[in-house]
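The file structure_27.txt contains compact mmCIF, C-alpha atoms and all ligand atoms:
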# COMPACT_ATOMS: atom_id res chain seq x y z
CA MET A 17 -0.47 23.25 24.07
CA ALA A 18 -0.77 22.18 20.42
CA MET A 19 1.79 23.80 18.15
CA SER A 20 0.00 23.24 14.85
CA ASN A 21 -3.39 22.55 13.34
CA THR A 22 -4.76 19.53 11.54
CA ASP A 23 -7.99 18.67 9.77
CA PHE A 24 -10.90 17.14 11.59
CA GLY A 25 -13.15 16.52 8.61
CA PHE A 26 -13.12 19.97 7.01
CA ARG A 27 -12.61 21.74 10.36
CA GLN A 28 -9.16 22.95 11.37
CA VAL A 29 -8.45 21.85 14.93
CA PRO A 30 -5.27 21.91 17.04
CA LEU A 31 -3.27 18.75 16.26
CA ASP A 32 -3.58 17.49 19.84
CA ASP A 33 -7.40 17.80 19.80
CA LYS A 34 -7.94 15.65 16.72
CA GLN A 35 -7.48 12.32 18.52
CA ALA A 36 -10.10 13.16 21.17
CA LEU A 37 -12.58 14.15 18.46
CA VAL A 38 -11.87 10.95 16.47
CA ASP A 39 -12.33 8.89 19.65
CA GLY A 40 -15.74 10.51 20.17
CA VAL A 41 -16.77 9.51 16.65
CA PHE A 42 -15.88 5.83 17.11
CA ARG A 43 -17.26 5.64 20.66
CA SER A 44 -20.54 6.86 19.25
CA VAL A 45 -20.69 4.42 16.31
CA ALA A 46 -19.00 1.29 17.79
CA ALA A 47 -22.15 -0.79 18.34
CA ARG A 48 -23.45 -0.17 14.80
CA TYR A 49 -20.07 0.09 13.06
CA ASP A 50 -20.13 -3.24 11.20
CA LEU A 51 -23.73 -2.87 10.04
CA MET A 52 -23.00 0.67 8.84
CA ASN A 53 -19.99 -0.51 6.82
CA ASP A 54 -22.22 -2.92 4.91
CA LEU A 55 -24.94 -0.33 4.37
CA MET A 56 -22.64 2.53 3.35
CA SER A 57 -20.54 0.53 0.91
CA GLY A 58 -23.34 -1.74 -0.36
CA GLY A 59 -21.18 -4.62 0.90
CA LEU A 60 -18.23 -3.51 -1.26
CA HIS A 61 -15.93 -3.12 1.76
CA ARG A 62 -15.95 -6.93 1.97
CA ALA A 63 -14.50 -7.26 -1.54
CA TRP A 64 -11.87 -4.58 -0.83
CA LYS A 65 -10.89 -6.32 2.41
CA ASP A 66 -10.65 -9.64 0.54
CA VAL A 67 -8.09 -8.05 -1.81
CA MET A 68 -6.17 -6.86 1.25
CA VAL A 69 -6.20 -10.31 2.84
CA ASN A 70 -5.05 -11.91 -0.45
CA THR A 71 -2.19 -9.40 -0.54
CA VAL A 72 -1.18 -10.24 3.04
CA ASN A 73 -1.35 -13.90 1.97
CA PRO A 74 -0.95 -15.65 5.35
CA PRO A 75 0.62 -19.13 5.09
CA LYS A 76 -1.90 -21.99 5.04
CA GLY A 77 0.07 -24.47 7.14
CA GLU A 78 1.63 -24.58 10.60
CA ARG A 79 4.29 -21.96 9.81
CA PRO A 80 4.11 -19.18 12.41
CA PHE A 81 2.81 -15.91 10.99
CA ALA A 82 2.28 -12.86 13.18
CA LEU A 83 0.10 -10.03 11.89
CA LEU A 84 -0.48 -6.68 13.56
CA ASP A 85 -3.73 -5.02 12.45
CA LEU A 86 -3.49 -1.34 13.37
CA ALA A 87 -6.65 0.67 14.04
CA GLY A 88 -8.27 -2.75 13.82
CA GLY A 89 -11.48 -1.65 15.55
CA THR A 90 -13.99 -4.49 15.80
CA GLY A 91 -11.52 -7.01 14.33
CA ASP A 92 -12.86 -7.37 10.79
CA ILE A 93 -9.45 -7.71 9.10
CA ALA A 94 -8.15 -9.91 11.94
CA PHE A 95 -10.97 -12.45 11.56
CA ARG A 96 -10.55 -12.53 7.78
CA VAL A 97 -6.78 -13.13 8.02
CA ALA A 98 -7.31 -15.76 10.73
CA ALA A 99 -9.78 -17.55 8.41
CA ALA A 100 -7.43 -17.34 5.42
CA GLY A 101 -4.30 -18.45 7.31
CA GLY A 102 -3.26 -21.78 8.77
CA ALA A 103 -2.78 -23.01 12.33
CA GLY A 104 0.35 -20.87 12.78
CA THR A 105 -1.43 -17.56 12.12
CA ARG A 106 -1.86 -15.15 15.05
CA VAL A 107 -3.30 -11.66 14.85
CA THR A 108 -2.88 -8.73 17.22
CA VAL A 109 -5.50 -6.00 16.83
CA ALA A 110 -4.34 -2.62 18.11
CA ASP A 111 -6.87 0.20 18.43
CA ILE A 112 -7.07 3.32 20.54
CA ASN A 113 -10.79 2.95 21.21
CA ALA A 114 -11.96 0.62 23.99
CA ASP A 115 -15.57 0.55 22.71
CA MET A 116 -14.54 -0.71 19.26
CA LEU A 117 -12.24 -3.30 20.89
CA ASP A 118 -15.06 -4.51 23.20
CA VAL A 119 -17.20 -5.32 20.15
CA GLY A 120 -14.18 -7.14 18.67
CA ARG A 121 -13.58 -9.16 21.86
CA THR A 122 -17.21 -10.32 21.88
CA ARG A 123 -16.87 -11.38 18.23
CA ALA A 124 -13.61 -13.25 18.96
CA ALA A 125 -15.24 -15.12 21.86
CA GLU A 126 -18.32 -15.98 19.75
CA ARG A 127 -16.05 -17.45 17.07
CA GLY A 128 -13.84 -19.35 19.52
CA LEU A 129 -10.84 -17.28 18.36
CA ASP A 130 -9.59 -15.93 21.71
CA ASP A 131 -6.29 -17.76 21.26
CA VAL A 132 -5.81 -16.61 17.67
CA VAL A 133 -6.88 -12.95 17.82
CA THR A 134 -5.64 -10.71 20.66
CA LEU A 135 -7.05 -7.21 20.98
CA VAL A 136 -5.00 -4.50 22.67
CA GLU A 137 -5.64 -0.83 23.35
CA ALA A 138 -2.83 1.10 21.70
CA ASN A 139 -2.13 4.32 19.86
CA ALA A 140 -0.74 3.71 16.36
CA GLU A 141 1.61 6.66 16.94
CA ALA A 142 3.22 5.09 20.04
CA LEU A 143 2.91 1.31 20.00
CA THR A 144 3.85 -0.54 23.18
CA LEU A 145 5.06 -3.44 21.05
CA PRO A 146 8.63 -4.68 20.49
CA ASP A 147 10.78 -3.94 17.43
CA ARG A 148 10.73 -6.41 14.52
CA ALA A 149 7.97 -8.58 16.01
CA PHE A 150 5.52 -8.96 13.08
CA ASP A 151 5.60 -10.61 9.65
CA ALA A 152 3.00 -8.15 8.37
CA VAL A 153 1.27 -4.97 9.52
CA THR A 154 -2.12 -3.94 8.13
CA ILE A 155 -4.29 -0.87 8.58
CA ALA A 156 -7.74 -0.64 6.98
CA PHE A 157 -9.69 2.61 6.90
CA GLY A 158 -7.65 3.75 9.89
CA ILE A 159 -4.63 5.78 8.82
CA ARG A 160 -6.62 8.89 7.89
CA ASN A 161 -7.94 9.08 11.46
CA VAL A 162 -4.46 9.18 13.00
CA PRO A 163 -3.34 12.78 13.67
CA ARG A 164 0.37 12.25 12.87
CA ILE A 165 0.38 9.83 9.93
CA GLU A 166 4.15 10.03 9.45
CA VAL A 167 4.71 8.97 13.09
CA ALA A 168 2.33 5.99 12.73
CA LEU A 169 4.11 4.91 9.51
CA LYS A 170 7.47 4.91 11.31
CA GLU A 171 5.95 2.85 14.14
CA ALA A 172 4.57 0.33 11.63
CA LEU A 173 8.04 0.01 10.10
CA ARG A 174 9.67 -0.37 13.54
CA VAL A 175 7.52 -3.36 14.60
CA LEU A 176 7.90 -5.16 11.23
CA LYS A 177 10.49 -7.92 10.84
CA LEU A 178 13.05 -7.48 8.06
CA GLY A 179 11.31 -8.77 4.93
CA GLY A 180 7.90 -7.95 6.43
CA ARG A 181 5.13 -6.19 4.54
CA PHE A 182 2.94 -3.20 5.37
CA VAL A 183 -0.46 -3.11 3.65
CA CYS A 184 -2.80 -0.14 3.95
CA LEU A 185 -6.39 0.02 2.69
CA GLU A 186 -7.86 3.51 2.69
CA PHE A 187 -10.39 5.68 0.92
CA SER A 188 -8.69 7.54 -1.90
CA THR A 189 -9.38 9.97 -4.74
CA VAL A 190 -12.08 9.30 -7.35
CA ASP A 191 -10.68 10.31 -10.72
CA VAL A 192 -13.33 8.92 -13.07
CA PRO A 193 -15.37 11.75 -14.71
CA GLY A 194 -19.05 11.37 -13.78
CA LEU A 195 -18.34 8.98 -10.94
CA ASP A 196 -16.81 11.84 -8.91
CA ALA A 197 -20.03 13.91 -8.96
CA LEU A 198 -22.15 10.86 -8.14
CA TYR A 199 -19.77 9.92 -5.34
CA ASP A 200 -19.99 13.47 -3.90
CA LEU A 201 -23.77 13.37 -3.96
CA TYR A 202 -23.81 10.00 -2.26
CA SER A 203 -21.15 10.88 0.32
CA PHE A 204 -22.50 14.21 1.47
CA ASN A 205 -26.21 13.33 1.40
CA VAL A 206 -26.83 9.59 1.68
CA ILE A 207 -24.10 8.68 4.20
CA PRO A 208 -24.96 11.28 6.91
CA ALA A 209 -28.67 10.36 6.46
CA LEU A 210 -27.82 6.66 6.90
CA GLY A 211 -25.73 7.58 9.95
CA ARG A 212 -28.72 9.39 11.46
CA ALA A 213 -31.16 6.57 10.69
CA VAL A 214 -29.03 3.58 11.73
CA ALA A 215 -26.48 4.83 14.26
CA GLY A 216 -28.47 7.87 15.47
CA ASP A 217 -25.49 10.04 14.56
CA ALA A 218 -25.25 12.07 11.33
CA GLU A 219 -22.34 14.23 12.57
CA SER A 220 -19.91 11.34 13.03
CA TYR A 221 -20.60 10.11 9.52
CA ARG A 222 -20.23 13.65 8.13
CA TYR A 223 -16.77 13.68 9.76
CA LEU A 224 -15.92 10.33 8.13
CA VAL A 225 -16.87 11.65 4.68
CA GLU A 226 -14.96 14.90 5.13
CA SER A 227 -11.87 13.11 6.44
CA ILE A 228 -11.86 10.98 3.27
CA ARG A 229 -11.71 14.10 1.11
CA ARG A 230 -8.79 15.48 3.11
CA PHE A 231 -6.70 12.33 2.85
CA PRO A 232 -3.66 12.66 0.51
CA ARG A 233 -3.81 11.43 -3.08
CA PRO A 234 -2.38 7.92 -3.57
CA GLU A 235 0.92 9.15 -5.10
CA THR A 236 1.41 11.51 -2.14
CA PHE A 237 0.67 8.78 0.41
CA ALA A 238 3.08 6.45 -1.40
CA GLU A 239 5.76 9.14 -1.06
CA MET A 240 4.98 9.46 2.68
CA MET A 241 5.54 5.70 2.98
CA ARG A 242 8.92 5.97 1.21
CA THR A 243 9.90 8.85 3.49
CA ALA A 244 9.03 6.70 6.53
CA GLY A 245 11.48 4.08 5.24
CA PHE A 246 9.36 1.55 3.32
CA ALA A 247 10.85 -0.05 0.21
CA ARG A 248 9.22 -1.25 -3.02
CA VAL A 249 6.18 0.93 -2.35
CA SER A 250 3.26 0.39 -4.72
CA PHE A 251 -0.45 1.10 -4.80
CA GLN A 252 -3.53 -0.22 -6.51
CA PRO A 253 -6.65 1.97 -6.91
CA MET A 254 -9.95 0.08 -6.72
CA ALA A 255 -13.54 1.00 -7.67
CA GLY A 256 -12.47 4.01 -9.75
CA GLY A 257 -10.28 5.32 -6.92
CA ILE A 258 -12.89 5.17 -4.15
CA VAL A 259 -10.27 3.18 -2.25
CA ALA A 260 -6.58 2.38 -2.75
CA LEU A 261 -4.43 -0.44 -1.42
CA HIS A 262 -0.85 0.62 -0.63
CA SER A 263 1.94 -1.82 0.01
CA GLY A 264 5.53 -1.40 1.19
CA TRP A 265 8.27 -3.64 2.61
CA ARG A 266 10.82 -3.43 5.38
CA LEU A 267 14.01 -4.50 3.65
C1 LIG B 1 -13.01 3.37 10.28
S1 LIG B 1 -12.45 2.43 11.68
C2 LIG B 1 -11.67 1.05 10.91
C3 LIG B 1 -11.79 -0.22 11.68
C4 LIG B 1 -11.31 -1.48 10.97
N1 LIG B 1 -9.91 -1.37 10.59
C5 LIG B 1 -12.14 -1.82 9.75
O1 LIG B 1 -11.62 -1.76 8.65
O2 LIG B 1 -13.32 -2.15 9.90
C6 LIG B 1 -11.08 3.41 12.22
C7 LIG B 1 -10.46 2.94 13.52
O3 LIG B 1 -9.28 3.71 13.77
C8 LIG B 1 -9.12 3.79 15.18
N2 LIG B 1 -8.12 4.82 15.50
C9 LIG B 1 -8.23 6.16 15.35
N3 LIG B 1 -7.10 6.76 15.76
C10 LIG B 1 -6.24 5.78 16.17
C11 LIG B 1 -4.92 5.78 16.68
N4 LIG B 1 -4.22 6.90 16.86
N5 LIG B 1 -4.35 4.60 16.99
C12 LIG B 1 -5.03 3.43 16.84
N6 LIG B 1 -6.30 3.38 16.35
C13 LIG B 1 -6.89 4.55 16.02
C14 LIG B 1 -10.53 4.09 15.65
O4 LIG B 1 -10.69 3.89 17.03
C15 LIG B 1 -11.34 3.14 14.76
O5 LIG B 1 -11.56 1.91 15.40

Could I get this structure in the form of structure tokens?
Ligand SMILES: C[S@@+](CC[C@H](N)C(=O)[O-])C[C@H]1O[C@@H](n2cnc3c(N)ncnc32)[C@H](O)[C@@H]1O
Amino acid sequence: MAMSNTDFGFRQVPLDDKQALVDGVFRSVAARYDLMNDLMSGGLHRAWKDVMVNTVNPPKGERPFALLDLAGGTGDIAFRVAAAGGAGTRVTVADINADMLDVGRTRAAERGLDDVVTLVEANAEALTLPDRAFDAVTIAFGIRNVPRIEVALKEALRVLKLGGRFVCLEFSTVDVPGLDALYDLYSFNVIPALGRAVAGDAESYRYLVESIRRFPRPETFAEMMRTAGFARVSFQPMAGGIVALHSGWRL
């Protein structure tokens, strides 16, 4: 029995029900997920992910570098880091949704990256991965979907090596006058309509938009990272605050 409520989009649901509802959203959109990302962001998500990969900065040579990409879905961040890194780079994608991972496995096989990118079904709140195993942990557009964010942050810290870096890309708070109204109009009208037209599912995309609005402001999320134990926490808003890139270290 759930003891407290959380937000599912703008709906209040028992904390324990949120994960099942989130899983339904991503099961429904998995096959069209990558196409929808391009359409919804006008391709901008690629530029934001490039900034994330530059921040992770995998070594170019043979030096071993182990990345864990949490809520990694269809493997987008994993493939980008694998392309940016050298022969020693290995990426583990952890996601709770088997349908998203299946799309990722097909992509890994098509690219001949089965040995470089491993995809595992795992809950970010309870990783079945050893302590201090990774040089870096990333999570892109995933943390807001996790019901207990503070638990997932502690798990990310646990699996990082000392000196390892956590990098989180997430939708944030638009603070630019004028842009905020335009962004609202786009989010609440265009995105659900695109979801209906392309993925046959307006409701899931309405959830995605609402969950963005409920996500904490960047200063608040930075404080949550510090509370979880990350050091040297910083963040960088991009595109007028549409997204923010947070970074913290295990020291
Ligand atoms: C918006 S997608 C992001 C996928 C990918 N990171 C990207 O940037 O394209 C969010 C992902 O979070 C995953 N997710 C939701 N709750 C999770 C949890 N508790 N643990 C692990 N993954 C979760 C979903 O299954 C989905 O694949």

**Message:** Residues contacting ligand LIG 1 (chain B) - anything with an atom at most 8 Å away, using all atoms listed in the file - can you give me those as a ChimeraX atom specification?
**Reply:** /A:35,38-39,42-43,46,49-50,53,65,85-93,110-114,116-117,137-141,155-159,161-163,168,224

**Two-atom distance - CA of Ser203 in chain A, CA of Gly256 in chain A (Å)** =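 Between CA of Ser203 in chain A and CA of Gly256 in chain A the gap is 15.0 Å.
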
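When all atoms listed in the file are used to measure the gap to Ser220 in chain A, the shortest distance among A:Pro193, A:Asp200, A:Val41, A:Leu31 belongs to A:Val41.
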
**Request:** Quick one: everything within 9 Å of Arg230 in chain A, counting only C-alpha atoms, minus sequence neighbours fewer than 3 positions away in the same chain. Send it as a PyMOL selection string.
**Result:** chain A and resi 23-26+160+226-227+233

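Nearest residue to Glu219 in chain A, choosing from A:Ala36, A:Val45, A:Ile165, A:Ala142 and counting only C-alpha atoms: A:Val45.
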
**Request:** Measuring atom to atom with all atoms listed in the file, identify which of A:Gly179, A:Gly245, A:Gly264, A:Gly128 is nearest to Phe95 in chain A.
**Result:**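 Ranking A:Gly179, A:Gly245, A:Gly264, A:Gly128 by distance to Phe95 in chain A, first place goes to A:Gly128.
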
**Asked** Which residue, A:Ala125, A:Ala215, A:Asn73, A:Val192, has the smallest gap to Val153 in chain A when you use all atoms listed in the file?
**Response** A:Asn73

**Message:** From the options A:Val67, A:Ile228, A:Leu145, A:Val214, which residue's atoms come nearest to Pro253 in chain A, counting all atoms listed in the file?
**Reply:** A:Val67

**Prompt:** What is the distance, in Å and to one decimal place, between CA of Leu267 in chain A and CA of Arg242 in chain A?
**Reply:**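 Value for the CA of Leu267 in chain A-CA of Arg242 in chain A distance: 11.9 Å.
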
**Item:** Contact residues around Ala260 in chain A with all atoms listed in the file at 10 Å, ignoring same-chain residues under 4 positions, as a PyMOL selection string
**Value:** chain A and resi 64+184-190+233-234+251-256

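The space separating CA of Val97 in chain A from CA of Arg48 in chain A comes to 22.2 Å.
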
**Prompt:** For Arg181 in chain A, which residue out of A:Ala152, A:Val249, A:Arg127, A:Ala63 is the nearest one, using only C-alpha atoms?
**Reply:**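 For Arg181 in chain A, the nearest of the candidates is A:Ala152.
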
Could the centre and edge lengths of an axis-aligned box, enclosing all atoms of range 208-218 of chain A in the file with 5 Å extra on each side, be given in Å to one decimal as AutoDock Vina command-line options?
--center_x -28.1 --center_y 7.8 --center_z 11.0 --size_x 16.2 --size_y 18.5 --size_z 19.0

Please return, as a JSON list (two decimals) with C-alpha atoms, in the frame of the given file, all polymer residues that have at least one atom within 9 Å of the point (6.0, 1.5, 6.8); use all atoms listed in the file and the file's own coordinate frame.
[["chain", "number", "residue", "atom", "x", "y", "z"],
["A", 153, "VAL", "CA", 1.27, -4.97, 9.52],
["A", 168, "ALA", "CA", 2.33, 5.99, 12.73],
["A", 169, "LEU", "CA", 4.11, 4.91, 9.51],
["A", 170, "LYS", "CA", 7.47, 4.91, 11.31],
["A", 171, "GLU", "CA", 5.95, 2.85, 14.14],
["A", 172, "ALA", "CA", 4.57, 0.33, 11.63],
["A", 173, "LEU", "CA", 8.04, 0.01, 10.10],
["A", 174, "ARG", "CA", 9.67, -0.37, 13.54],
["A", 176, "LEU", "CA", 7.90, -5.16, 11.23],
["A", 181, "ARG", "CA", 5.13, -6.19, 4.54],
["A", 182, "PHE", "CA", 2.94, -3.20, 5.37],
["A", 183, "VAL", "CA", -0.46, -3.11, 3.65],
["A", 241, "MET", "CA", 5.54, 5.70, 2.98],
["A", 242, "ARG", "CA", 8.92, 5.97, 1.21],
["A", 243, "THR", "CA", 9.90, 8.85, 3.49],
["A", 244, "ALA", "CA", 9.03, 6.70, 6.53],
["A", 245, "GLY", "CA", 11.48, 4.08, 5.24],
["A", 246, "PHE", "CA", 9.36, 1.55, 3.32],
["A", 247, "ALA", "CA", 10.85, -0.05, 0.21],
["A", 263, "SER", "CA", 1.94, -1.82, 0.01],
["A", 264, "GLY", "CA", 5.53, -1.40, 1.19],
["A", 265, "TRP", "CA", 8.27, -3.64, 2.61],
["A", 266, "ARG", "CA", 10.82, -3.43, 5.38]]

**Request:** Please provide the set of residues having any atom within 12 Å of Asn205 in chain A, restricted to all atoms listed in the file, with same-chain residues fewer than 2 positions apart removed, written as a VMD selection string.
**Result:** chain A and resid 56 198 to 203 207 to 212 218 to 219 221 to 222 225 to 226

Could you add whatever atoms are missing so that range 81-104 of chain A carries N, CA and C atoms, then write the result as a short mmCIF file (atom, residue, chain, number, x, y, z; two decimals), keeping the file's coordinate frame?
data_model
loop_
_atom_site.label_atom_id
_atom_site.label_comp_id
_atom_site.auth_asym_id
_atom_site.auth_seq_id
_atom_site.Cartn_x
_atom_site.Cartn_y
_atom_site.Cartn_z
N PHE A 81 2.99 -17.16 11.73
CA PHE A 81 2.81 -15.91 10.99
C PHE A 81 2.12 -14.93 11.93
N ALA A 82 2.82 -13.84 12.24
CA ALA A 82 2.28 -12.86 13.18
C ALA A 82 1.88 -11.59 12.44
N LEU A 83 0.61 -11.26 12.52
CA LEU A 83 0.10 -10.03 11.89
C LEU A 83 -0.30 -9.03 12.97
N LEU A 84 0.04 -7.77 12.74
CA LEU A 84 -0.48 -6.68 13.56
C LEU A 84 -1.47 -5.90 12.71
N ASP A 85 -2.72 -5.82 13.16
CA ASP A 85 -3.73 -5.02 12.45
C ASP A 85 -3.95 -3.74 13.23
N LEU A 86 -3.38 -2.65 12.70
CA LEU A 86 -3.49 -1.34 13.37
C LEU A 86 -4.86 -0.73 13.14
N ALA A 87 -5.32 0.04 14.12
CA ALA A 87 -6.65 0.67 14.04
C ALA A 87 -7.67 -0.40 13.65
N GLY A 88 -7.51 -1.56 14.24
CA GLY A 88 -8.27 -2.75 13.82
C GLY A 88 -9.70 -2.78 14.30
N GLY A 89 -10.08 -1.83 15.16
CA GLY A 89 -11.48 -1.65 15.55
C GLY A 89 -12.15 -2.92 16.05
N THR A 90 -13.20 -3.34 15.36
CA THR A 90 -13.99 -4.49 15.80
C THR A 90 -13.42 -5.82 15.28
N GLY A 91 -12.24 -5.78 14.66
CA GLY A 91 -11.52 -7.01 14.33
C GLY A 91 -11.81 -7.59 12.95
N ASP A 92 -12.45 -6.81 12.08
CA ASP A 92 -12.86 -7.37 10.79
C ASP A 92 -11.69 -7.96 10.00
N ILE A 93 -10.60 -7.22 9.87
CA ILE A 93 -9.45 -7.71 9.10
C ILE A 93 -8.84 -8.92 9.82
N ALA A 94 -8.76 -8.82 11.15
CA ALA A 94 -8.15 -9.91 11.94
C ALA A 94 -8.89 -11.23 11.69
N PHE A 95 -10.21 -11.21 11.73
CA PHE A 95 -10.97 -12.45 11.56
C PHE A 95 -10.81 -12.99 10.13
N ARG A 96 -10.73 -12.08 9.17
CA ARG A 96 -10.55 -12.53 7.78
C ARG A 96 -9.17 -13.17 7.59
N VAL A 97 -8.13 -12.56 8.16
CA VAL A 97 -6.78 -13.13 8.02
C VAL A 97 -6.70 -14.46 8.77
N ALA A 98 -7.32 -14.51 9.95
CA ALA A 98 -7.31 -15.76 10.73
C ALA A 98 -7.99 -16.88 9.92
N ALA A 99 -9.06 -16.53 9.20
CA ALA A 99 -9.78 -17.55 8.41
C ALA A 99 -8.96 -17.98 7.20
N ALA A 100 -8.20 -17.03 6.63
CA ALA A 100 -7.43 -17.34 5.42
C ALA A 100 -6.13 -18.09 5.75
N GLY A 101 -5.59 -17.86 6.96
CA GLY A 101 -4.30 -18.45 7.31
C GLY A 101 -4.43 -19.83 7.92
N GLY A 102 -3.28 -20.44 8.17
CA GLY A 102 -3.26 -21.78 8.77
C GLY A 102 -3.15 -21.72 10.28
N ALA A 103 -2.80 -22.88 10.86
CA ALA A 103 -2.78 -23.01 12.33
C ALA A 103 -1.72 -22.12 12.98
N GLY A 104 -0.71 -21.70 12.20
CA GLY A 104 0.35 -20.87 12.78
C GLY A 104 0.04 -19.38 12.79
#
